[in-house]
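Colleague: What follows is the file run29.txt, containing compact mmCIF, C-alpha atoms and all ligand atoms:
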# COMPACT_ATOMS: atom_id res chain seq x y z
CA MET L 185 0.22 -19.08 -16.28
CA THR L 186 3.37 -17.08 -15.55
CA GLN L 187 4.11 -16.81 -11.88
CA THR L 188 7.08 -14.51 -11.96
CA ILE L 189 7.25 -10.81 -11.14
CA PRO L 190 8.26 -8.89 -14.28
CA THR L 191 10.21 -5.62 -14.38
CA ILE L 192 8.56 -3.03 -16.61
CA ASP L 193 10.06 0.29 -17.73
CA ILE L 194 7.09 2.66 -17.48
CA SER L 195 8.84 5.69 -19.02
CA PRO L 196 6.69 5.46 -22.22
CA LEU L 197 3.63 6.23 -20.04
CA ARG L 198 5.20 9.60 -19.22
CA SER L 199 5.16 10.80 -22.85
CA PRO L 200 1.56 10.69 -24.10
CA THR L 201 2.53 10.16 -27.75
CA SER L 202 5.03 7.36 -27.18
CA PRO L 203 4.70 4.53 -29.75
CA ASP L 204 5.55 2.11 -26.91
CA ARG L 205 2.54 2.97 -24.73
CA ALA L 206 0.32 0.13 -25.97
CA ARG L 207 3.05 -2.45 -25.28
CA VAL L 208 3.67 -1.12 -21.75
CA VAL L 209 -0.08 -1.08 -21.02
CA SER L 210 -0.35 -4.66 -22.18
CA ASP L 211 2.67 -5.77 -20.10
CA ILE L 212 1.27 -4.09 -16.97
CA LEU L 213 -2.15 -5.66 -17.52
CA THR L 214 -0.59 -9.11 -17.93
CA ALA L 215 1.44 -8.76 -14.71
CA CYS L 216 -1.59 -7.54 -12.74
CA THR L 217 -3.75 -10.36 -14.10
CA ASP L 218 -1.22 -13.15 -13.54
CA ILE L 219 0.63 -12.46 -10.28
CA GLY L 220 -0.72 -9.06 -9.17
CA PHE L 221 2.84 -7.75 -8.63
CA LEU L 222 5.41 -6.02 -10.85
CA SER L 223 8.63 -4.08 -10.48
CA ILE L 224 8.78 -0.74 -12.28
CA THR L 225 11.64 1.43 -13.50
CA GLY L 226 11.58 4.68 -15.46
CA THR L 227 9.41 6.56 -12.93
CA GLY L 228 11.61 9.66 -13.00
CA ILE L 229 11.89 9.55 -9.18
CA ALA L 230 15.54 10.14 -8.21
CA PRO L 231 17.17 7.51 -5.97
CA ASP L 232 18.30 10.38 -3.74
CA THR L 233 14.65 11.26 -3.02
CA VAL L 234 14.01 7.70 -1.83
CA ASP L 235 17.24 7.63 0.21
CA LYS L 236 16.16 10.79 2.04
CA VAL L 237 12.81 9.25 2.97
CA ARG L 238 14.54 6.10 4.26
CA GLU L 239 16.90 8.29 6.28
CA CYS L 240 13.85 10.08 7.75
CA CYS L 241 12.42 6.71 8.79
CA ARG L 242 15.69 5.81 10.50
CA THR L 243 15.56 9.12 12.44
CA ILE L 244 11.87 8.80 13.35
CA PHE L 245 12.23 5.28 14.74
CA ALA L 246 15.27 6.36 16.76
CA ILE L 247 13.11 8.82 18.79
CA ASP L 248 12.97 7.77 22.44
CA GLU L 249 10.16 5.36 23.35
CA LYS L 250 8.32 7.72 25.68
CA SER L 251 8.05 10.43 23.04
CA LYS L 252 7.01 7.87 20.41
CA TRP L 253 4.14 6.73 22.69
CA ASP L 254 3.13 10.40 23.23
CA GLN L 255 2.67 10.61 19.46
CA ALA L 256 0.92 7.26 19.02
CA ILE L 257 -2.23 6.54 17.00
CA THR L 258 -5.53 6.59 18.90
CA ARG L 259 -8.99 5.24 18.16
CA ASP L 260 -10.07 8.75 17.18
CA ASN L 261 -7.07 9.61 15.05
CA TYR L 262 -5.34 6.88 13.08
CA ARG L 263 -2.19 8.94 12.63
CA GLY L 264 1.20 8.76 14.30
CA TYR L 265 3.31 6.09 15.95
CA ILE L 266 2.29 2.40 15.98
CA PRO L 267 4.33 0.65 18.70
CA MET L 268 5.90 -2.77 18.10
CA GLY L 269 3.29 -5.51 18.59
CA PHE L 270 0.46 -2.95 19.00
CA PHE L 271 -1.85 -4.74 16.59
CA THR L 272 -1.78 -8.52 16.79
CA PRO L 273 -3.10 -9.81 13.45
CA ASN L 274 -6.67 -11.04 13.85
CA ASP L 275 -5.84 -14.40 12.25
CA GLY L 276 -6.03 -16.23 15.58
CA SER L 277 -2.29 -17.02 15.64
CA GLY L 278 -1.70 -14.68 18.59
CA THR L 279 1.81 -13.89 17.33
CA ALA L 280 2.39 -10.17 16.89
CA ASP L 281 4.15 -8.91 13.78
CA LYS L 282 7.72 -7.69 14.30
CA TYR L 283 7.50 -4.11 13.10
CA GLU L 284 6.87 -0.65 14.44
CA GLY L 285 5.16 1.90 12.25
CA TYR L 286 4.22 5.53 11.74
CA LYS L 287 0.90 6.19 10.02
CA LEU L 288 0.36 9.08 7.61
CA HIS L 289 -2.69 9.99 5.54
CA PHE L 290 -3.47 12.33 2.65
CA GLU L 291 -2.49 15.72 4.13
CA THR L 292 -5.63 17.86 4.58
CA ALA L 293 -6.06 21.19 6.40
CA SER L 294 -8.51 20.93 9.30
CA ASP L 295 -10.72 23.65 7.78
CA ASP L 296 -10.96 21.90 4.40
CA PRO L 297 -14.69 21.29 3.67
CA ILE L 298 -13.97 17.59 2.97
CA VAL L 299 -13.35 17.08 6.72
CA ALA L 300 -17.03 17.89 7.36
CA ASP L 301 -18.05 15.33 4.72
CA CYS L 302 -15.74 12.63 6.04
CA PRO L 303 -14.05 13.07 9.44
CA LEU L 304 -11.28 10.61 8.54
CA TYR L 305 -9.60 13.46 6.61
CA GLY L 306 -7.38 15.90 8.47
CA PRO L 307 -3.83 17.03 9.14
CA ASN L 308 -1.10 14.47 9.82
CA LEU L 309 0.66 14.19 13.14
CA TRP L 310 4.22 14.91 12.00
CA PRO L 311 6.88 13.71 14.46
CA ARG L 312 7.94 16.63 16.66
CA GLU L 313 11.62 15.62 16.76
CA VAL L 314 12.04 15.35 12.96
CA PRO L 315 10.86 18.69 11.51
CA GLN L 316 12.32 17.91 8.07
CA ALA L 317 10.10 14.80 7.71
CA ARG L 318 7.03 16.71 6.49
CA ASP L 319 8.61 18.28 3.40
CA ILE L 320 10.72 15.25 2.51
CA ILE L 321 7.82 12.80 2.77
CA LEU L 322 5.19 15.04 1.14
CA GLY L 323 7.59 15.76 -1.74
CA TYR L 324 8.06 12.02 -2.30
CA TRP L 325 4.29 11.47 -1.89
CA ARG L 326 3.49 14.00 -4.67
CA GLN L 327 5.84 12.18 -7.03
CA LEU L 328 4.20 8.86 -6.20
CA ASP L 329 0.75 10.40 -6.81
CA ALA L 330 1.89 11.05 -10.38
CA VAL L 331 3.24 7.49 -10.77
CA ALA L 332 0.02 6.01 -9.32
CA ASP L 333 -2.02 8.07 -11.82
CA LEU L 334 0.09 6.72 -14.70
CA LEU L 335 -0.32 3.12 -13.53
CA ILE L 336 -4.06 3.43 -12.83
CA GLY L 337 -4.48 5.20 -16.20
CA ALA L 338 -2.64 2.31 -17.88
CA LEU L 339 -4.89 -0.24 -16.17
CA GLU L 340 -7.98 1.73 -17.16
CA ASP L 341 -6.72 1.63 -20.73
CA GLY L 342 -5.82 -2.08 -20.54
CA LEU L 343 -9.27 -2.93 -19.15
CA GLN L 344 -10.84 -0.86 -21.97
CA LEU L 345 -12.62 1.50 -19.58
CA PRO L 346 -13.40 5.06 -20.72
CA PRO L 347 -10.56 7.49 -19.83
CA GLY L 348 -10.96 8.85 -16.31
CA THR L 349 -13.22 6.04 -15.04
CA LEU L 350 -10.71 5.02 -12.38
CA VAL L 351 -8.28 7.95 -12.29
CA ASP L 352 -11.04 10.50 -11.54
CA GLY L 353 -11.73 8.72 -8.25
CA PHE L 354 -8.31 9.79 -6.96
CA THR L 355 -8.87 13.53 -6.46
CA LYS L 356 -8.68 14.19 -2.69
CA PRO L 357 -7.97 10.49 -2.21
CA MET L 358 -7.80 8.51 1.03
CA THR L 359 -4.29 7.49 0.00
CA ASN L 360 -2.09 6.72 2.99
CA MET L 361 1.44 5.67 3.84
CA THR L 362 2.95 3.61 6.64
CA LEU L 363 6.56 4.17 7.63
CA LEU L 364 7.83 0.81 8.84
CA HIS L 365 10.81 -0.43 10.81
CA TYR L 366 11.49 -4.16 11.01
CA PRO L 367 14.27 -5.16 13.40
CA PRO L 368 16.27 -8.21 12.32
CA GLN L 369 14.71 -11.60 13.10
CA ALA L 370 16.75 -14.69 13.94
CA PRO L 371 16.48 -17.28 11.14
CA ASP L 372 14.82 -19.77 13.52
CA GLU L 373 12.51 -17.21 15.13
CA ALA L 374 8.77 -17.86 14.81
CA GLY L 375 6.56 -15.17 13.35
CA PHE L 376 6.80 -12.57 10.64
CA GLY L 377 7.83 -8.99 10.09
CA ILE L 378 4.34 -8.74 8.58
CA HIS L 379 2.14 -11.87 8.44
CA PRO L 380 0.72 -12.99 5.06
CA HIS L 381 -2.02 -10.58 4.01
CA LYS L 382 -3.58 -8.89 1.01
CA ASP L 383 -3.57 -5.11 0.73
CA THR L 384 -6.99 -3.51 1.11
CA ASP L 385 -6.23 -0.46 -1.06
CA ALA L 386 -6.43 -0.02 -4.84
CA LEU L 387 -2.70 -0.12 -5.63
CA THR L 388 0.48 -0.15 -3.51
CA ILE L 389 3.88 1.29 -4.45
CA ILE L 390 6.99 0.44 -2.38
CA ALA L 391 10.65 1.43 -2.71
CA PRO L 392 12.18 -1.89 -1.61
CA ASP L 393 14.82 -1.83 1.10
CA PRO L 394 17.97 -3.39 -0.40
CA VAL L 395 18.15 -5.72 2.64
CA GLY L 396 15.25 -7.68 1.08
CA GLY L 397 12.52 -9.58 2.95
CA LEU L 398 9.32 -9.10 0.91
CA GLU L 399 7.82 -12.38 -0.28
CA VAL L 400 4.90 -12.87 -2.67
CA GLN L 401 2.68 -15.95 -2.84
CA THR L 402 2.33 -17.76 -6.15
CA ARG L 403 -0.92 -19.49 -7.09
CA ASP L 404 0.57 -22.88 -6.21
CA GLY L 405 1.34 -21.66 -2.68
CA GLY L 406 5.08 -21.02 -3.09
CA TRP L 407 6.78 -17.76 -2.09
CA ILE L 408 8.88 -15.66 -4.49
CA THR L 409 10.85 -12.45 -4.09
CA PRO L 410 10.59 -9.48 -6.46
CA ASP L 411 13.90 -8.85 -8.18
CA THR L 412 13.61 -5.05 -8.37
CA PRO L 413 16.54 -3.22 -10.03
CA PRO L 414 18.19 -0.44 -7.98
CA GLY L 415 16.11 2.74 -8.25
CA GLY L 416 12.99 0.70 -9.11
CA PHE L 417 9.76 0.17 -7.16
CA VAL L 418 7.51 -2.76 -6.33
CA VAL L 419 3.85 -2.29 -7.33
CA ASN L 420 0.95 -4.51 -6.36
CA ILE L 421 -2.79 -4.67 -6.87
CA GLY L 422 -4.94 -4.36 -3.74
CA ASP L 423 -8.48 -5.58 -3.03
CA MET L 424 -10.14 -2.42 -4.39
CA LEU L 425 -8.72 -2.76 -7.91
CA GLU L 426 -9.45 -6.47 -7.77
CA LEU L 427 -13.08 -5.62 -7.03
CA TRP L 428 -13.25 -2.78 -9.59
CA SER L 429 -11.95 -5.15 -12.28
CA GLY L 430 -14.41 -7.94 -11.37
CA GLY L 431 -11.48 -10.11 -10.27
CA ARG L 432 -9.42 -9.75 -13.45
CA LEU L 433 -6.65 -7.94 -11.59
CA VAL L 434 -5.51 -10.00 -8.61
CA SER L 435 -4.77 -8.91 -5.05
CA THR L 436 -2.03 -11.33 -4.03
CA PRO L 437 -0.96 -12.39 -0.52
CA HIS L 438 2.48 -11.24 0.56
CA ARG L 439 4.52 -11.13 3.76
CA VAL L 440 7.77 -9.78 5.19
CA VAL L 441 10.46 -11.83 6.94
CA ASN L 442 13.57 -9.86 7.85
CA THR L 443 16.34 -12.42 8.31
CA SER L 444 18.93 -10.08 6.75
CA GLY L 445 20.55 -9.40 10.13
CA LYS L 446 20.02 -5.68 9.43
CA GLU L 447 17.39 -3.10 10.30
CA ARG L 448 14.80 -2.89 7.52
CA TYR L 449 12.91 0.30 6.65
CA SER L 450 9.96 0.42 4.29
CA PHE L 451 7.31 3.04 3.45
CA PRO L 452 4.50 1.64 1.33
CA TYR L 453 2.23 4.13 -0.44
CA PHE L 454 -1.36 2.85 -0.50
CA ALA L 455 -3.48 4.47 -3.23
CA VAL L 456 -7.12 4.67 -2.08
CA PRO L 457 -9.89 6.61 -3.87
CA ARG L 458 -11.82 9.57 -2.42
CA HIS L 459 -14.21 8.81 0.46
CA ASP L 460 -17.40 8.96 -1.62
CA VAL L 461 -16.23 6.56 -4.35
CA VAL L 462 -18.16 3.30 -4.44
CA VAL L 463 -16.05 0.47 -5.82
CA ALA L 464 -18.02 -2.15 -7.75
CA PRO L 465 -17.06 -4.26 -10.78
CA LEU L 466 -16.74 -2.22 -13.98
CA CYS L 467 -15.79 -5.24 -16.10
CA ALA L 468 -17.73 -8.48 -16.50
CA PRO L 469 -16.76 -10.35 -13.29
CA ARG L 470 -14.55 -13.41 -13.55
CA ASP L 471 -16.40 -16.72 -13.07
CA GLY L 472 -17.33 -17.15 -9.43
CA PHE L 473 -16.27 -13.62 -8.47
CA GLU L 474 -19.05 -12.24 -6.32
CA ARG L 475 -18.48 -9.43 -3.86
CA PRO L 476 -20.56 -6.56 -2.59
CA ALA L 477 -19.74 -2.99 -3.62
CA VAL L 478 -17.50 -1.08 -1.21
CA HIS L 479 -17.88 2.55 -0.17
CA CYS L 480 -14.34 3.84 0.35
CA GLY L 481 -15.08 6.07 3.35
CA HIS L 482 -16.99 3.32 5.15
CA TRP L 483 -14.36 0.74 4.29
CA SER L 484 -11.49 2.92 5.54
CA ALA L 485 -13.37 3.68 8.79
CA GLU L 486 -13.89 -0.04 9.34
CA ILE L 487 -10.20 -0.83 8.74
CA TRP L 488 -9.17 1.78 11.31
CA ARG L 489 -11.78 0.62 13.83
CA THR L 490 -11.29 -3.14 13.57
CA ASN L 491 -7.51 -2.91 13.91
CA TRP L 492 -8.15 -2.50 17.64
CA PRO L 493 -8.30 -6.04 19.00
CA ASP L 494 -11.42 -5.43 21.13
CA GLU L 495 -13.45 -4.12 18.18
CA GLU L 496 -15.60 -6.66 16.38
CA ALA L 497 -16.37 -6.69 12.66
CA SER L 498 -20.09 -6.15 12.05
CA ALA L 499 -22.38 -7.53 9.35
CA ASP L 500 -21.58 -4.59 7.06
CA THR L 501 -17.80 -4.65 7.58
CA PRO L 502 -16.39 -5.31 4.10
CA GLU L 503 -14.72 -8.71 3.74
CA LEU L 504 -11.49 -7.61 2.18
CA GLY L 505 -7.85 -8.13 3.08
CA THR L 506 -8.38 -11.19 5.22
CA LEU L 507 -6.86 -14.52 4.21
CA HIS L 508 -8.98 -17.57 4.87
CA SER L 509 -7.06 -20.79 5.08
O1 LIG B 1 7.45 -3.61 4.06
C1 LIG B 1 7.12 -4.14 3.00
O2 LIG B 1 7.91 -4.37 2.11
C2 LIG B 1 5.68 -4.57 2.79
C3 LIG B 1 4.70 -3.99 3.77
C4 LIG B 1 3.31 -4.44 3.50
O3 LIG B 1 3.05 -5.42 2.85
C5 LIG B 1 2.19 -3.66 4.03
O4 LIG B 1 2.41 -2.75 4.87
O5 LIG B 1 1.04 -3.89 3.61
FE FE B 2 1.01 -5.36 2.16
Once more with this new file: its structure as structure tokens, please.
Ligand SMILES: O=C(O)CCC(=O)C(=O)O
Ligand SMILES: [Fe+2]
Modeller:
Amino acid sequence: MTQTIPTIDISPLRSPTSPDRARVVSDILTACTDIGFLSITGTGIAPDTVDKVRECCRTIFAIDEKSKWDQAITRDNYRGYIPMGFFTPNDGSGTADKYEGYKLHFETASDDPIVADCPLYGPNLWPREVPQARDIILGYWRQLDAVADLLIGALEDGLQLPPGTLVDGFTKPMTNMTLLHYPPQAPDEAGFGIHPHKDTDALTIIAPDPVGGLEVQTRDGGWITPDTPPGGFVVNIGDMLELWSGGRLVSTPHRVVNTSGKERYSFPYFAVPRHDVVVAPLCAPRDGFERPAVHCGHWSAEIWRTNWPDEEASADTPELGTLHS
């Protein structure tokens, strides 16, 4: 089985009548089945758009510490600043990840009826000191929504599911984004920028920082680096698409180690369906693949809650994202 991360030009997916669509769908399906990661080009997103978002991250993380803490996430509202070392991974290692973050969710007005159905929806907490962040980030977000729809549509096609089966779950989605800042780590320093983990969403899209640092685990336990061309994006399958596909699409462990000597800024986009979508296998499950269905609203609430170190998982907390060694 191939254990490399291919680069795929997805531009044929943007023209519905392209004769190359079937080939691109097949290449994407193969990548998501083999390694669970791919690099994409041909999205139509201008490099300048990405540069502006990275510049916003730089400005947001330069805000003074006191003001950052004033705008930090709380148990009741998982939006805003995540201080360095705030969440120690619950893998028992006790070593905090070396990043600070800023959490954003699907932007929803507080009087939108969906907030009454699921209180996790609501307006973001945009950083006071960076008024331009809202428009720059939401503009980028809208473009990624379109790319995510193309990719999820291609996977739906590749898995021979009726059109809309997956894509229709992404109206008013629980899609979220984390702005991340990883200070440089000394080469001999213990710990990670982000410890090895699987993503708990359906599909992740990242504009890689040219300083590098993302590593992806191969099935034999080695670590490889995506070789994304300038202007391209890294895409990976998360636990929800793995579950939806009965284990055919794989959610692969990855980690970040920033030994570049430079500040690293990243802003993964995590595509998550609407709160009332129940994710259960839609294809015949792979041999030995047995997992309970997941209700997206419940699952998201449990992720938010159990990130706090004094909160315990309960019997109905979905078992996703965690690596067991
Ligand atoms: O910063 C990156 O490149 C990856 C971040 C990541 O894996 C995550 O936030 O889940
Ligand atoms: Fe991740």
Colleague: Using all atoms listed in the file for the distances, tell me which of L:Asn261, L:Ser223, L:Ser444, L:Gln255 is nearest to Thr388 of chain L.
Modeller: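 The answer is L:Ser223, which sits nearest to Thr388 of chain L.
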Colleague: Would you mind listing the residues within 9 Å of ligand LIG 1 (chain B), counting only C-alpha atoms and all ligand atoms, as number ranges by chain?
Modeller: L: 361-366, 377-384, 388, 390-393, 396-399, 418, 437-440, 448-454
Colleague: Select, from L:Ala386, L:Asp301, L:Asp329, L:Gly264, the residue with the minimum atom-to-atom distance to ligand FE 2 (chain B), counting all atoms listed in the file.
Modeller: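 Distance minimum relative to ligand FE 2 (chain B) lands on L:Ala386.
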Colleague: Could you check the closest approach to ligand FE 2 (chain B) for each of L:Leu387, L:Ile212, L:Leu343, L:Ala332 and tell me which residue wins, using only C-alpha atoms and all ligand atoms?
Modeller: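 With only C-alpha atoms and all ligand atoms as the atom set, the closest residue is L:Leu387.
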Colleague: Applying 10 Å and all atoms listed in the file, which residues near Val208 of chain L remain after dropping the ones on its own chain fewer than 3 positions away? List them as a PyMOL selection string.
Modeller: chain L and resi 192-197+203-205+211-214+338+342
Colleague: For Asp248 of chain L, which of L:Pro267, L:Ala497, L:Ala317, L:Ala370 is the closest residue, counting all atoms listed in the file?
Modeller: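 Residue with the minimum atom-to-atom distance to Asp248 of chain L: L:Pro267.
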Colleague: So the first atom is atom CA of Pro190 of chain L and the second is atom CA of Gly430 of chain L; what is the distance between them in Å, to one decimal place?
Modeller: 22.9 Å
Colleague: So, counting all atoms listed in the file, which residue among L:Thr243, L:Ile189, L:Val400, L:Pro410 is closest to ligand FE 2 (chain B)?
Modeller: L:Val400
Colleague: Show me, as a PyMOL selection string, the residues that have an atom within 7 Å of Ile219 of chain L when counting only C-alpha atoms, minus same-chain residues fewer than 6 positions from it.
Modeller: chain L and resi 187-189+402+434+436
Colleague: In terms of the shortest atom-to-atom distance over only C-alpha atoms and all ligand atoms, which of L:Met424, L:Val478, L:Ile298, L:Ile389 is closest to ligand FE 2 (chain B)?
Modeller: L:Ile389
Colleague: Excluding Pro476 of chain L and any residue of its chain fewer than 5 positions from it, enumerate the residues within 9 Å of it, using only C-alpha atoms, and give them as a PDB file with C-alpha atoms, in the frame of the given file.
Modeller:
ATOM      1  CA  LEU L 427     -13.080  -5.620  -7.030  1.00  0.00           C
ATOM      2  CA  VAL L 463     -16.050   0.470  -5.820  1.00  0.00           C
ATOM      3  CA  ALA L 464     -18.020  -2.150  -7.750  1.00  0.00           C
ATOM      4  CA  PRO L 502     -16.390  -5.310   4.100  1.00  0.00           C
ATOM      5  CA  GLU L 503     -14.720  -8.710   3.740  1.00  0.00           C
TER       6      GLU L 503
END
Colleague: As a PDB file with C-alpha atoms, keeping the file's coordinate frame, please: the residues near Glu486 of chain L (cut-off 10 Å, all atoms listed in the file, same-chain neighbours under 3 positions excluded).
Modeller:
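result-v1.pdb was written with the following content:
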ATOM      1  CA  CYS L 480     -14.340   3.840   0.350  1.00  0.00           C
ATOM      2  CA  GLY L 481     -15.080   6.070   3.350  1.00  0.00           C
ATOM      3  CA  HIS L 482     -16.990   3.320   5.150  1.00  0.00           C
ATOM      4  CA  TRP L 483     -14.360   0.740   4.290  1.00  0.00           C
ATOM      5  CA  ARG L 489     -11.780   0.620  13.830  1.00  0.00           C
ATOM      6  CA  THR L 490     -11.290  -3.140  13.570  1.00  0.00           C
ATOM      7  CA  ASN L 491      -7.510  -2.910  13.910  1.00  0.00           C
ATOM      8  CA  GLU L 495     -13.450  -4.120  18.180  1.00  0.00           C
ATOM      9  CA  GLU L 496     -15.600  -6.660  16.380  1.00  0.00           C
ATOM     10  CA  ALA L 497     -16.370  -6.690  12.660  1.00  0.00           C
ATOM     11  CA  SER L 498     -20.090  -6.150  12.050  1.00  0.00           C
ATOM     12  CA  ASP L 500     -21.580  -4.590   7.060  1.00  0.00           C
ATOM     13  CA  THR L 501     -17.800  -4.650   7.580  1.00  0.00           C
ATOM     14  CA  PRO L 502     -16.390  -5.310   4.100  1.00  0.00           C
TER      15      PRO L 502
END
Colleague: Rounded to one decimal in Å, what is the spacing between atom CA of Arg259 of chain L and atom CA of Trp488 of chain L?
Modeller: 7.7 Å
Colleague: By how many Å are atom CA of Thr227 of chain L and atom CA of Asn360 of chain L apart?
Modeller: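 Separation between atom CA of Thr227 of chain L and atom CA of Asn360 of chain L: 19.6 Å.
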Colleague: Need to verify the contact set: Lys356 of chain L, 9 Å, all atoms listed in the file, exclusion of same-chain residues closer than 3 positions in sequence. Can you return it as a list in words?
Modeller: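 Answer for this query is Phe290, Thr292, Ile298, Gly353, Thr359, Pro457, Arg458 and His459 of chain L.
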Colleague: Dump as a list of chain:residue names all residues having an atom at most 10 Å from (-2.7, 3.3, -10.1), computed in the file's coordinates with only C-alpha atoms.
Modeller: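 Returned residue set, sorted by chain then number, is L:Leu328, L:Asp329, L:Ala330, L:Val331, L:Ala332, L:Asp333, L:Leu334, L:Leu335, L:Ile336, L:Gly337, L:Ala338, L:Leu339, L:Glu340, L:Leu350, L:Val351, L:Phe354, L:Ala386, L:Leu387, L:Thr388, L:Ile389, L:Val419, L:Asn420, L:Ile421, L:Leu425, L:Phe454, L:Ala455, L:Val456.
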Colleague: Complete segment 345-357 of chain L at the level of N, CA and C atoms, written as a PDB file, keeping the file's coordinate frame.
Modeller:
ATOM      1  N   LEU L 345     -11.636   0.633 -20.245  1.00  0.00           N
ATOM      2  CA  LEU L 345     -12.620   1.500 -19.580  1.00  0.00           C
ATOM      3  C   LEU L 345     -12.456   2.913 -20.143  1.00  0.00           C
ATOM      4  N   PRO L 346     -13.526   3.690 -20.206  1.00  0.00           N
ATOM      5  CA  PRO L 346     -13.400   5.060 -20.720  1.00  0.00           C
ATOM      6  C   PRO L 346     -12.377   5.856 -19.895  1.00  0.00           C
ATOM      7  N   PRO L 347     -11.578   6.723 -20.565  1.00  0.00           N
ATOM      8  CA  PRO L 347     -10.560   7.490 -19.830  1.00  0.00           C
ATOM      9  C   PRO L 347     -11.164   8.228 -18.643  1.00  0.00           C
ATOM     10  N   GLY L 348     -10.494   8.152 -17.504  1.00  0.00           N
ATOM     11  CA  GLY L 348     -10.960   8.850 -16.310  1.00  0.00           C
ATOM     12  C   GLY L 348     -11.788   7.991 -15.374  1.00  0.00           C
ATOM     13  N   THR L 349     -12.310   6.861 -15.872  1.00  0.00           N
ATOM     14  CA  THR L 349     -13.220   6.040 -15.040  1.00  0.00           C
ATOM     15  C   THR L 349     -12.615   5.742 -13.671  1.00  0.00           C
ATOM     16  N   LEU L 350     -11.351   5.338 -13.655  1.00  0.00           N
ATOM     17  CA  LEU L 350     -10.710   5.020 -12.380  1.00  0.00           C
ATOM     18  C   LEU L 350      -9.953   6.241 -11.842  1.00  0.00           C
ATOM     19  N   VAL L 351      -9.179   6.851 -12.716  1.00  0.00           N
ATOM     20  CA  VAL L 351      -8.280   7.950 -12.290  1.00  0.00           C
ATOM     21  C   VAL L 351      -9.063   9.079 -11.609  1.00  0.00           C
ATOM     22  N   ASP L 352     -10.260   9.388 -12.106  1.00  0.00           N
ATOM     23  CA  ASP L 352     -11.040  10.500 -11.540  1.00  0.00           C
ATOM     24  C   ASP L 352     -11.444  10.259 -10.089  1.00  0.00           C
ATOM     25  N   GLY L 353     -11.407   9.031  -9.653  1.00  0.00           N
ATOM     26  CA  GLY L 353     -11.730   8.720  -8.250  1.00  0.00           C
ATOM     27  C   GLY L 353     -10.616   9.082  -7.289  1.00  0.00           C
ATOM     28  N   PHE L 354      -9.477   9.538  -7.817  1.00  0.00           N
ATOM     29  CA  PHE L 354      -8.310   9.790  -6.960  1.00  0.00           C
ATOM     30  C   PHE L 354      -8.030  11.275  -6.724  1.00  0.00           C
ATOM     31  N   THR L 355      -9.049  12.148  -6.924  1.00  0.00           N
ATOM     32  CA  THR L 355      -8.870  13.530  -6.460  1.00  0.00           C
ATOM     33  C   THR L 355      -9.231  13.515  -4.976  1.00  0.00           C
ATOM     34  N   LYS L 356      -8.491  14.231  -4.146  1.00  0.00           N
ATOM     35  CA  LYS L 356      -8.680  14.190  -2.690  1.00  0.00           C
ATOM     36  C   LYS L 356      -8.826  12.743  -2.207  1.00  0.00           C
ATOM     37  N   PRO L 357      -7.835  11.923  -2.502  1.00  0.00           N
ATOM     38  CA  PRO L 357      -7.970  10.490  -2.210  1.00  0.00           C
ATOM     39  C   PRO L 357      -7.742  10.192  -0.731  1.00  0.00           C
TER      40      PRO L 357
END
